[in-house]
Amino acid sequence: MTTRETWVSNVGFVLAAIGSAAGLGNIWRFPWLTAGNGGSAFLLVYSLIVIGVGVPGLLAEFVLGRRGRQTPIGTFRSLLTSRWGSALGTFNVITALVILSFYSVVGGWILRYMLASPTGAYFGQPQQYFGTISYGLQAVAFHLLFLGIVATIVGFGVSRGIERASKVMLPAVVILLGCLAVWTATQPNTAAGYAFYLSFDADYLAANFSSVLGPAAGQALFTLSLGTGAMLTYASYLDEDVSLPRDTLVIAVSNVFIGVLAGLVVIPLLFSQGIDPGQGGPGALFVSLAPAFASLPGGTAVATAFFATVLMAAVTSGINLLETLVATLIDRFDVPRRRATVLVSVLLAVTGSGLALAGPIFEFVSGTLADLLLTVGLFAFVAIVGWLLRGEALAEFRAGTGRFAALAEPWLLTVSWVLPVVVLFTLATTLVSLAGVSLGIGGRAVVAVVAAVGCRLAVAAGTGE
């Protein structure tokens, strides 16, 4: 049996977890979602959801990981002692595979843009350039290159690969984003961008609360890497004396900070050039920024630094997802790490290449399917912690917590009732949108409450409580 790895230091774990959370979700997805949903209104709602919902949810995943000390399949098999454990763990592994398949394609886009930035190859016709490289054989090639970078780091292991890379790349991401934010502040005509982004608009929020809530909740769950089992896997390498509540709060706050910092670069820069930052959706990062870089002094250097920053953030998230898949083979079948890394990478090379060749399928997988899988996975986590493992979860929460021990009971109450309703509300929002049904925020809230109560009663009946 292969000896299971651990983090060399708690700092390494925290940096790796922050790096996972502060990846493409914060730099690729956060600015255009913020700009398209009222700027400061979205920022406020998103931040509140991260702290009020994301922190308890992330802590639940950490509790499961350290308690089970395995990847999702092994953890749920040992903690639930039923056939459902393997099924739930397998679901999480499949989710991680799906997410990383499209994530690696986007990582390839970023790698391509970083390499093209020194010459400004995409400055002249940004829309056409993105259309040329986003799908097809070129996209496959850069997807494979990005996957190779991630696989190389994971192949070196937890301490020598993931931890060392995170200690270098995460500080570099923060420093580069900070420098870019300072540089952006020196550009002309950015005042409107800062006002849109940071000046709270109560009237807009009151008039558009229901439309802002869904994207903000989805972004909060996506950016914290909840629902895939990836954070569970990272926590499985932790020692018992680590304070999970403290580390969870540090990770969540750092994640919000990096997202805000990315917004301070992208949104004012687009406003300074008279570009609507809410247009373009997922391609906005690539298409909308090109005219801004092209029109500014030293634009090629700034563009190169920007996409290098985004690439490092993408890699830190990618290694988190790949580690979940690799560690599953190691834990379940005692496969040596490097062989497991190669096997999983070959599978991802095939699945990611398929998405890189089929734009409509990529859009469905990266949007609707990803939202559904992440939401269902998170619901399973909170239901297991709050409804099935209550005593064990409290004991794991309190281990090493010190002054945070008093928060154990309020946390469990939140996980038992508040989080299931919020997660099911998010799921209802996705399903309503997919079905094309018109259902207001009140209707979705009722559905979420009824579904949560029904699930809780079903679990109680099944366990004889």
# chains A, B, ... in the order shown; residues from 1 in each chain; ligands from 1
>>> closest_atom_pairs(of="segment 65-177 of chain A", to="segment 376-400 of chain A", cutoff="9 Å", atoms="only C-alpha atoms", output="Markdown table")
| residue | atom | partner | partner_atom | distance |
| --- | --- | --- | --- | --- |
| A:Arg66 | CA | A:Glu396 | CA | 7.7 |
| A:Arg67 | CA | A:Glu396 | CA | 6.5 |
| A:Leu79 | CA | A:Leu389 | CA | 8.0 |
| A:Leu80 | CA | A:Leu388 | CA | 8.1 |
| A:Leu88 | CA | A:Ala380 | CA | 7.6 |
| A:Phe91 | CA | A:Gly377 | CA | 7.5 |
| A:Asn92 | CA | A:Gly377 | CA | 6.3 |
| A:Thr95 | CA | A:Gly377 | CA | 8.0 |
>>> closest_atom_pairs(of="segment 126-224 of chain A", to="segment 428-443 of chain A", cutoff="10 Å", atoms="only C-alpha atoms", output="CSV")
residue,atom,partner,partner_atom,distance
A:Phe209,CA,A:Ile441,CA,9.1
A:Ser210,CA,A:Ile441,CA,5.9
A:Ser211,CA,A:Ile441,CA,8.7
A:Leu213,CA,A:Ile441,CA,9.1
A:Gly214,CA,A:Thr429,CA,6.8
A:Pro215,CA,A:Thr429,CA,9.6
A:Gly218,CA,A:Thr430,CA,9.3
>>> write_last_selection(atoms="N, CA and C atoms", output="mmCIF file, in the first residue's frame")
data_model
loop_
_atom_site.group_PDB
_atom_site.id
_atom_site.type_symbol
_atom_site.label_atom_id
_atom_site.label_comp_id
_atom_site.auth_asym_id
_atom_site.auth_seq_id
_atom_site.Cartn_x
_atom_site.Cartn_y
_atom_site.Cartn_z
ATOM 1 N N PHE A 209 -33.092 42.578 -7.788
ATOM 2 C CA PHE A 209 -32.541 41.631 -6.825
ATOM 3 C C PHE A 209 -32.642 40.191 -7.311
ATOM 4 N N SER A 210 -33.795 39.815 -7.842
ATOM 5 C CA SER A 210 -33.984 38.420 -8.249
ATOM 6 C C SER A 210 -33.056 38.032 -9.388
ATOM 7 N N SER A 211 -32.781 38.960 -10.297
ATOM 8 C CA SER A 211 -31.905 38.637 -11.420
ATOM 9 C C SER A 211 -30.434 38.624 -11.022
ATOM 10 N N LEU A 213 -29.403 37.718 -7.827
ATOM 11 C CA LEU A 213 -29.195 36.670 -6.836
ATOM 12 C C LEU A 213 -28.717 35.368 -7.460
ATOM 13 N N GLY A 214 -29.342 34.947 -8.547
ATOM 14 C CA GLY A 214 -28.970 33.678 -9.164
ATOM 15 C C GLY A 214 -27.522 33.638 -9.623
ATOM 16 N N PRO A 215 -27.095 34.600 -10.466
ATOM 17 C CA PRO A 215 -25.684 34.610 -10.894
ATOM 18 C C PRO A 215 -24.705 34.760 -9.737
ATOM 19 N N GLY A 218 -24.472 31.371 -8.006
ATOM 20 C CA GLY A 218 -23.732 30.448 -8.844
ATOM 21 C C GLY A 218 -22.247 30.743 -8.858
#
>>> residues_around(residues="Val310 of chain A", least_positions_apart="2", cutoff="10 Å", atoms="only C-alpha atoms", output="list in words")
Ala22, Gly23, Leu24, Asn26, Ile27, Trp28, Gly107, Ile110, Leu111, Met114, Val173, Leu176, Leu177, Ala262, Thr304, Ala305, Phe306, Phe307, Ala308, Met312, Ala313, Ala314 and Val315 of chain A
>>> write_last_selection(atoms="N, CA and C atoms", output="PDB file, in the first residue's frame")
ATOM      1  N   ALA A  22      -9.229  30.792  -6.347  1.00  0.00           N
ATOM      2  CA  ALA A  22      -8.994  32.051  -7.065  1.00  0.00           C
ATOM      3  C   ALA A  22      -8.434  31.794  -8.452  1.00  0.00           C
ATOM      4  N   GLY A  23      -9.072  30.925  -9.196  1.00  0.00           N
ATOM      5  CA  GLY A  23      -8.610  30.604 -10.535  1.00  0.00           C
ATOM      6  C   GLY A  23      -9.417  31.323 -11.592  1.00  0.00           C
ATOM      7  N   LEU A  24      -9.813  30.581 -12.622  1.00  0.00           N
ATOM      8  CA  LEU A  24     -10.574  31.183 -13.711  1.00  0.00           C
ATOM      9  C   LEU A  24     -11.891  31.767 -13.230  1.00  0.00           C
ATOM     10  N   ASN A  26     -12.462  33.580 -10.746  1.00  0.00           N
ATOM     11  CA  ASN A  26     -12.295  34.952 -10.289  1.00  0.00           C
ATOM     12  C   ASN A  26     -11.822  35.900 -11.383  1.00  0.00           C
ATOM     13  N   ILE A  27     -10.984  35.441 -12.296  1.00  0.00           N
ATOM     14  CA  ILE A  27     -10.390  36.358 -13.258  1.00  0.00           C
ATOM     15  C   ILE A  27     -11.073  36.266 -14.614  1.00  0.00           C
ATOM     16  N   TRP A  28     -11.528  35.087 -14.989  1.00  0.00           N
ATOM     17  CA  TRP A  28     -12.229  34.934 -16.266  1.00  0.00           C
ATOM     18  C   TRP A  28     -13.716  35.215 -16.117  1.00  0.00           C
ATOM     19  N   GLY A 107      -8.155  26.941 -20.360  1.00  0.00           N
ATOM     20  CA  GLY A 107      -6.748  27.144 -20.041  1.00  0.00           C
ATOM     21  C   GLY A 107      -5.889  27.218 -21.291  1.00  0.00           C
ATOM     22  N   ILE A 110      -6.196  30.665 -22.803  1.00  0.00           N
ATOM     23  CA  ILE A 110      -5.389  31.646 -22.063  1.00  0.00           C
ATOM     24  C   ILE A 110      -3.918  31.509 -22.431  1.00  0.00           C
ATOM     25  N   LEU A 111      -3.454  30.271 -22.522  1.00  0.00           N
ATOM     26  CA  LEU A 111      -2.063  30.030 -22.906  1.00  0.00           C
ATOM     27  C   LEU A 111      -1.789  30.603 -24.295  1.00  0.00           C
ATOM     28  N   MET A 114      -1.594  34.398 -24.063  1.00  0.00           N
ATOM     29  CA  MET A 114      -0.356  34.870 -23.438  1.00  0.00           C
ATOM     30  C   MET A 114       0.792  34.839 -24.442  1.00  0.00           C
ATOM     31  N   VAL A 173       0.398  35.718  -8.647  1.00  0.00           N
ATOM     32  CA  VAL A 173      -0.897  36.181  -9.144  1.00  0.00           C
ATOM     33  C   VAL A 173      -1.328  37.454  -8.419  1.00  0.00           C
ATOM     34  N   LEU A 176       1.046  40.466  -9.363  1.00  0.00           N
ATOM     35  CA  LEU A 176       0.807  40.949 -10.724  1.00  0.00           C
ATOM     36  C   LEU A 176      -0.543  41.647 -10.846  1.00  0.00           C
ATOM     37  N   LEU A 177      -1.587  41.082 -10.221  1.00  0.00           N
ATOM     38  CA  LEU A 177      -2.893  41.738 -10.243  1.00  0.00           C
ATOM     39  C   LEU A 177      -2.826  43.096  -9.560  1.00  0.00           C
ATOM     40  N   ALA A 262      -9.202  41.536  -9.366  1.00  0.00           N
ATOM     41  CA  ALA A 262      -9.334  41.313 -10.809  1.00  0.00           C
ATOM     42  C   ALA A 262     -10.321  42.301 -11.422  1.00  0.00           C
ATOM     43  N   THR A 304       0.564  40.844 -21.992  1.00  0.00           N
ATOM     44  CA  THR A 304       1.352  39.653 -21.655  1.00  0.00           C
ATOM     45  C   THR A 304       1.322  39.390 -20.157  1.00  0.00           C
ATOM     46  N   ALA A 305       1.510  40.451 -19.366  1.00  0.00           N
ATOM     47  CA  ALA A 305       1.472  40.297 -17.906  1.00  0.00           C
ATOM     48  C   ALA A 305       0.100  39.853 -17.443  1.00  0.00           C
ATOM     49  N   PHE A 306      -0.943  40.410 -18.051  1.00  0.00           N
ATOM     50  CA  PHE A 306      -2.305  40.058 -17.650  1.00  0.00           C
ATOM     51  C   PHE A 306      -2.593  38.583 -17.915  1.00  0.00           C
ATOM     52  N   PHE A 307      -2.312  38.129 -19.120  1.00  0.00           N
ATOM     53  CA  PHE A 307      -2.637  36.737 -19.439  1.00  0.00           C
ATOM     54  C   PHE A 307      -1.693  35.750 -18.754  1.00  0.00           C
ATOM     55  N   ALA A 308      -0.481  36.176 -18.423  1.00  0.00           N
ATOM     56  CA  ALA A 308       0.394  35.330 -17.607  1.00  0.00           C
ATOM     57  C   ALA A 308      -0.201  35.146 -16.216  1.00  0.00           C
ATOM     58  N   MET A 312      -1.493  31.498 -14.623  1.00  0.00           N
ATOM     59  CA  MET A 312      -1.074  30.923 -13.340  1.00  0.00           C
ATOM     60  C   MET A 312      -2.282  30.614 -12.463  1.00  0.00           C
ATOM     61  N   ALA A 313      -3.266  31.499 -12.469  1.00  0.00           N
ATOM     62  CA  ALA A 313      -4.483  31.241 -11.696  1.00  0.00           C
ATOM     63  C   ALA A 313      -5.200  30.002 -12.218  1.00  0.00           C
ATOM     64  N   ALA A 314      -5.236  29.845 -13.538  1.00  0.00           N
ATOM     65  CA  ALA A 314      -5.889  28.681 -14.129  1.00  0.00           C
ATOM     66  C   ALA A 314      -5.163  27.395 -13.759  1.00  0.00           C
ATOM     67  N   VAL A 315      -3.844  27.430 -13.746  1.00  0.00           N
ATOM     68  CA  VAL A 315      -3.064  26.239 -13.415  1.00  0.00           C
ATOM     69  C   VAL A 315      -3.312  25.809 -11.974  1.00  0.00           C
TER      70      VAL A 315
END
>>> closest_residue(among="A:Leu64, A:Val350, A:Cys455, A:Ile258", to="Ala172 of chain A", atoms="only C-alpha atoms")
A:Ile258
>>> residues_around(residues="Gln128 of chain A", least_positions_apart="6", cutoff="12 Å", atoms="only C-alpha atoms", output="PyMOL selection string")
chain A and resi 121-122+134+283+286-287+290
>>> residues_around(residues="Ser366 of chain A", least_positions_apart="3", cutoff="12 Å", atoms="only C-alpha atoms", output="VMD selection string")
chain A and resid 25 29 95 97 to 106 222 282 352 355 to 356 359 to 363 369 to 374
>>> write_last_selection(atoms="N, CA, C and O atoms", output="tab-separated table (two decimals), in the first residue's frame")
chain	number	residue	atom	x	y	z
A	25	GLY	N	-12.45	31.19	-12.17
A	25	GLY	CA	-13.71	31.72	-11.65
A	25	GLY	C	-13.61	33.18	-11.27
A	25	GLY	O	-14.56	33.95	-11.46
A	29	ARG	N	-14.34	34.67	-15.07
A	29	ARG	CA	-15.80	34.70	-14.96
A	29	ARG	C	-16.31	35.90	-14.16
A	29	ARG	O	-17.34	36.49	-14.49
A	95	THR	N	-17.90	14.55	-11.77
A	95	THR	CA	-18.04	16.00	-11.82
A	95	THR	C	-16.68	16.67	-12.03
A	95	THR	O	-16.53	17.57	-12.86
A	97	LEU	N	-14.09	15.37	-13.38
A	97	LEU	CA	-13.65	15.05	-14.74
A	97	LEU	C	-14.30	15.97	-15.76
A	97	LEU	O	-13.64	16.50	-16.67
A	98	VAL	N	-15.60	16.19	-15.62
A	98	VAL	CA	-16.34	17.06	-16.54
A	98	VAL	C	-15.82	18.49	-16.45
A	98	VAL	O	-15.55	19.15	-17.47
A	99	ILE	N	-15.67	18.99	-15.23
A	99	ILE	CA	-15.24	20.38	-15.04
A	99	ILE	C	-13.84	20.58	-15.62
A	99	ILE	O	-13.58	21.56	-16.34
A	100	LEU	N	-12.93	19.66	-15.32
A	100	LEU	CA	-11.56	19.84	-15.80
A	100	LEU	C	-11.47	19.67	-17.32
A	100	LEU	O	-10.61	20.28	-17.96
A	101	SER	N	-12.37	18.90	-17.92
A	101	SER	CA	-12.37	18.72	-19.37
A	101	SER	C	-12.58	20.06	-20.08
A	101	SER	O	-11.85	20.39	-21.03
A	102	PHE	N	-13.57	20.85	-19.65
A	102	PHE	CA	-13.77	22.15	-20.30
A	102	PHE	C	-12.81	23.20	-19.76
A	102	PHE	O	-12.40	24.12	-20.47
A	103	TYR	N	-12.45	23.06	-18.49
A	103	TYR	CA	-11.53	24.02	-17.87
A	103	TYR	C	-10.18	24.01	-18.59
A	103	TYR	O	-9.56	25.06	-18.81
A	104	SER	N	-9.75	22.83	-19.00
A	104	SER	CA	-8.48	22.71	-19.68
A	104	SER	C	-8.53	23.36	-21.06
A	104	SER	O	-7.53	23.90	-21.55
A	105	VAL	N	-9.69	23.33	-21.70
A	105	VAL	CA	-9.84	24.00	-22.99
A	105	VAL	C	-9.70	25.51	-22.81
A	105	VAL	O	-9.00	26.18	-23.58
A	106	VAL	N	-10.36	26.06	-21.79
A	106	VAL	CA	-10.24	27.49	-21.50
A	106	VAL	C	-8.79	27.83	-21.13
A	106	VAL	O	-8.26	28.87	-21.53
A	222	PHE	N	-19.15	28.35	-7.63
A	222	PHE	CA	-18.15	28.00	-8.65
A	222	PHE	C	-16.76	28.41	-8.21
A	222	PHE	O	-15.80	27.64	-8.31
A	282	PRO	N	-18.75	34.83	-21.74
A	282	PRO	CA	-17.49	34.14	-21.45
A	282	PRO	C	-16.32	34.59	-22.32
A	282	PRO	O	-15.17	34.45	-21.92
A	352	GLY	N	-11.43	16.42	-23.22
A	352	GLY	CA	-11.23	17.84	-23.50
A	352	GLY	C	-11.12	18.12	-24.99
A	352	GLY	O	-11.64	19.13	-25.47
A	355	LEU	N	-14.52	18.35	-26.54
A	355	LEU	CA	-15.18	19.63	-26.29
A	355	LEU	C	-14.54	20.75	-27.12
A	355	LEU	O	-15.23	21.66	-27.58
A	356	ALA	N	-13.23	20.68	-27.31
A	356	ALA	CA	-12.54	21.70	-28.09
A	356	ALA	C	-12.92	21.66	-29.56
A	356	ALA	O	-12.74	22.64	-30.29
A	359	GLY	N	-18.13	23.33	-30.38
A	359	GLY	CA	-18.51	24.53	-29.64
A	359	GLY	C	-19.83	24.43	-28.90
A	359	GLY	O	-19.90	24.75	-27.70
A	360	PRO	N	-20.92	23.99	-29.54
A	360	PRO	CA	-22.20	23.92	-28.85
A	360	PRO	C	-22.17	22.98	-27.63
A	360	PRO	O	-22.76	23.29	-26.60
A	361	ILE	N	-21.46	21.86	-27.77
A	361	ILE	CA	-21.36	20.93	-26.64
A	361	ILE	C	-20.53	21.55	-25.53
A	361	ILE	O	-20.86	21.44	-24.34
A	362	PHE	N	-19.45	22.23	-25.90
A	362	PHE	CA	-18.63	22.92	-24.90
A	362	PHE	C	-19.48	23.92	-24.11
A	362	PHE	O	-19.39	23.98	-22.87
A	363	GLU	N	-20.28	24.71	-24.78
A	363	GLU	CA	-21.09	25.73	-24.11
A	363	GLU	C	-22.10	25.09	-23.16
A	363	GLU	O	-22.33	25.60	-22.05
A	369	LEU	N	-24.59	22.10	-17.65
A	369	LEU	CA	-24.21	20.83	-17.04
A	369	LEU	C	-23.31	21.04	-15.83
A	369	LEU	O	-23.49	20.41	-14.78
A	370	ALA	N	-22.34	21.95	-15.95
A	370	ALA	CA	-21.44	22.22	-14.83
A	370	ALA	C	-22.21	22.76	-13.63
A	370	ALA	O	-21.98	22.33	-12.49
A	371	ASP	N	-23.14	23.68	-13.87
A	371	ASP	CA	-23.93	24.23	-12.77
A	371	ASP	C	-24.74	23.14	-12.07
A	371	ASP	O	-24.82	23.09	-10.83
A	372	LEU	N	-25.34	22.25	-12.85
A	372	LEU	CA	-26.14	21.17	-12.27
A	372	LEU	C	-25.28	20.22	-11.45
A	372	LEU	O	-25.63	19.86	-10.31
A	373	LEU	N	-24.16	19.80	-11.99
A	373	LEU	CA	-23.30	18.85	-11.29
A	373	LEU	C	-22.74	19.44	-9.99
A	373	LEU	O	-22.73	18.78	-8.94
A	374	LEU	N	-22.28	20.69	-10.06
A	374	LEU	CA	-21.72	21.33	-8.86
A	374	LEU	C	-22.78	21.50	-7.78
A	374	LEU	O	-22.52	21.28	-6.59
>>> closest_residue(among="A:Ala217, A:Leu419, A:Leu412, A:Leu321", to="Val150 of chain A", atoms="only C-alpha atoms")
A:Leu321
>>> atom_distance(atom1="atom CA of Gly157 of chain A", atom2="atom CA of Thr316 of chain A")
13.9 Å
>>> decode(residues="segment 401-426 of chain A", atoms="N, CA, C and O atoms", output="compact mmCIF listing (two decimals), in the first residue's frame")
# COMPACT_ATOMS: atom_id res chain seq x y z
N THR A 401 -9.59 23.62 16.82
CA THR A 401 -10.20 24.92 16.54
C THR A 401 -9.86 25.98 17.57
O THR A 401 -9.89 27.17 17.27
N GLY A 402 -9.60 25.60 18.82
CA GLY A 402 -9.34 26.61 19.84
C GLY A 402 -10.55 27.49 20.08
O GLY A 402 -11.64 27.01 20.38
N ARG A 403 -10.38 28.80 19.89
CA ARG A 403 -11.44 29.75 20.21
C ARG A 403 -12.63 29.65 19.24
O ARG A 403 -13.68 30.23 19.50
N PHE A 404 -12.48 28.94 18.14
CA PHE A 404 -13.58 28.78 17.19
C PHE A 404 -14.54 27.66 17.58
O PHE A 404 -15.56 27.46 16.92
N ALA A 405 -14.24 26.92 18.64
CA ALA A 405 -15.05 25.76 19.00
C ALA A 405 -16.50 26.15 19.28
O ALA A 405 -17.43 25.36 19.04
N ALA A 406 -16.73 27.35 19.80
CA ALA A 406 -18.09 27.78 20.13
C ALA A 406 -18.97 27.93 18.89
O ALA A 406 -20.20 27.98 19.00
N LEU A 407 -18.36 27.99 17.72
CA LEU A 407 -19.13 28.16 16.48
C LEU A 407 -19.61 26.83 15.91
O LEU A 407 -20.31 26.82 14.89
N ALA A 408 -19.26 25.74 16.55
CA ALA A 408 -19.58 24.42 15.99
C ALA A 408 -21.09 24.21 15.84
O ALA A 408 -21.57 23.82 14.77
N GLU A 409 -21.86 24.48 16.89
CA GLU A 409 -23.30 24.26 16.83
C GLU A 409 -23.99 25.19 15.83
O GLU A 409 -24.82 24.74 15.03
N PRO A 410 -23.71 26.51 15.85
CA PRO A 410 -24.31 27.38 14.82
C PRO A 410 -23.94 26.95 13.40
O PRO A 410 -24.77 27.03 12.49
N TRP A 411 -22.70 26.50 13.23
CA TRP A 411 -22.29 26.04 11.89
C TRP A 411 -23.12 24.83 11.47
O TRP A 411 -23.60 24.76 10.33
N LEU A 412 -23.28 23.87 12.37
CA LEU A 412 -24.04 22.67 12.01
C LEU A 412 -25.50 23.01 11.71
O LEU A 412 -26.10 22.43 10.79
N LEU A 413 -26.08 23.94 12.45
CA LEU A 413 -27.45 24.37 12.18
C LEU A 413 -27.54 24.99 10.78
O LEU A 413 -28.49 24.72 10.03
N THR A 414 -26.56 25.80 10.43
CA THR A 414 -26.54 26.41 9.10
C THR A 414 -26.44 25.35 8.01
O THR A 414 -27.16 25.39 7.00
N VAL A 415 -25.55 24.38 8.21
CA VAL A 415 -25.36 23.32 7.23
C VAL A 415 -26.59 22.43 7.13
O VAL A 415 -26.94 21.94 6.04
N SER A 416 -27.29 22.23 8.26
CA SER A 416 -28.44 21.32 8.29
C SER A 416 -29.66 21.89 7.59
O SER A 416 -30.42 21.15 6.96
N TRP A 417 -29.86 23.24 7.69
CA TRP A 417 -31.12 23.79 7.18
C TRP A 417 -30.93 24.95 6.20
O TRP A 417 -31.59 25.00 5.17
N VAL A 418 -30.06 25.87 6.51
CA VAL A 418 -29.92 27.03 5.63
C VAL A 418 -29.30 26.64 4.29
O VAL A 418 -29.83 26.97 3.22
N LEU A 419 -28.18 25.93 4.33
CA LEU A 419 -27.48 25.58 3.09
C LEU A 419 -28.30 24.68 2.16
O LEU A 419 -28.31 24.92 0.95
N PRO A 420 -28.99 23.66 2.67
CA PRO A 420 -29.81 22.86 1.75
C PRO A 420 -30.83 23.70 0.98
O PRO A 420 -31.05 23.48 -0.21
N VAL A 421 -31.46 24.66 1.67
CA VAL A 421 -32.45 25.51 1.00
C VAL A 421 -31.78 26.38 -0.05
O VAL A 421 -32.27 26.52 -1.19
N VAL A 422 -30.64 26.99 0.29
CA VAL A 422 -29.94 27.85 -0.66
C VAL A 422 -29.47 27.06 -1.87
O VAL A 422 -29.62 27.50 -3.02
N VAL A 423 -28.91 25.89 -1.63
CA VAL A 423 -28.40 25.08 -2.74
C VAL A 423 -29.55 24.60 -3.63
O VAL A 423 -29.45 24.63 -4.86
N LEU A 424 -30.66 24.20 -3.02
CA LEU A 424 -31.81 23.77 -3.82
C LEU A 424 -32.45 24.95 -4.56
O LEU A 424 -33.00 24.77 -5.65
N PHE A 425 -32.37 26.14 -3.99
CA PHE A 425 -32.84 27.33 -4.71
C PHE A 425 -32.00 27.55 -5.96
O PHE A 425 -32.52 27.84 -7.04
N THR A 426 -30.69 27.40 -5.83
CA THR A 426 -29.80 27.54 -6.98
C THR A 426 -30.09 26.47 -8.02
O THR A 426 -30.12 26.74 -9.23
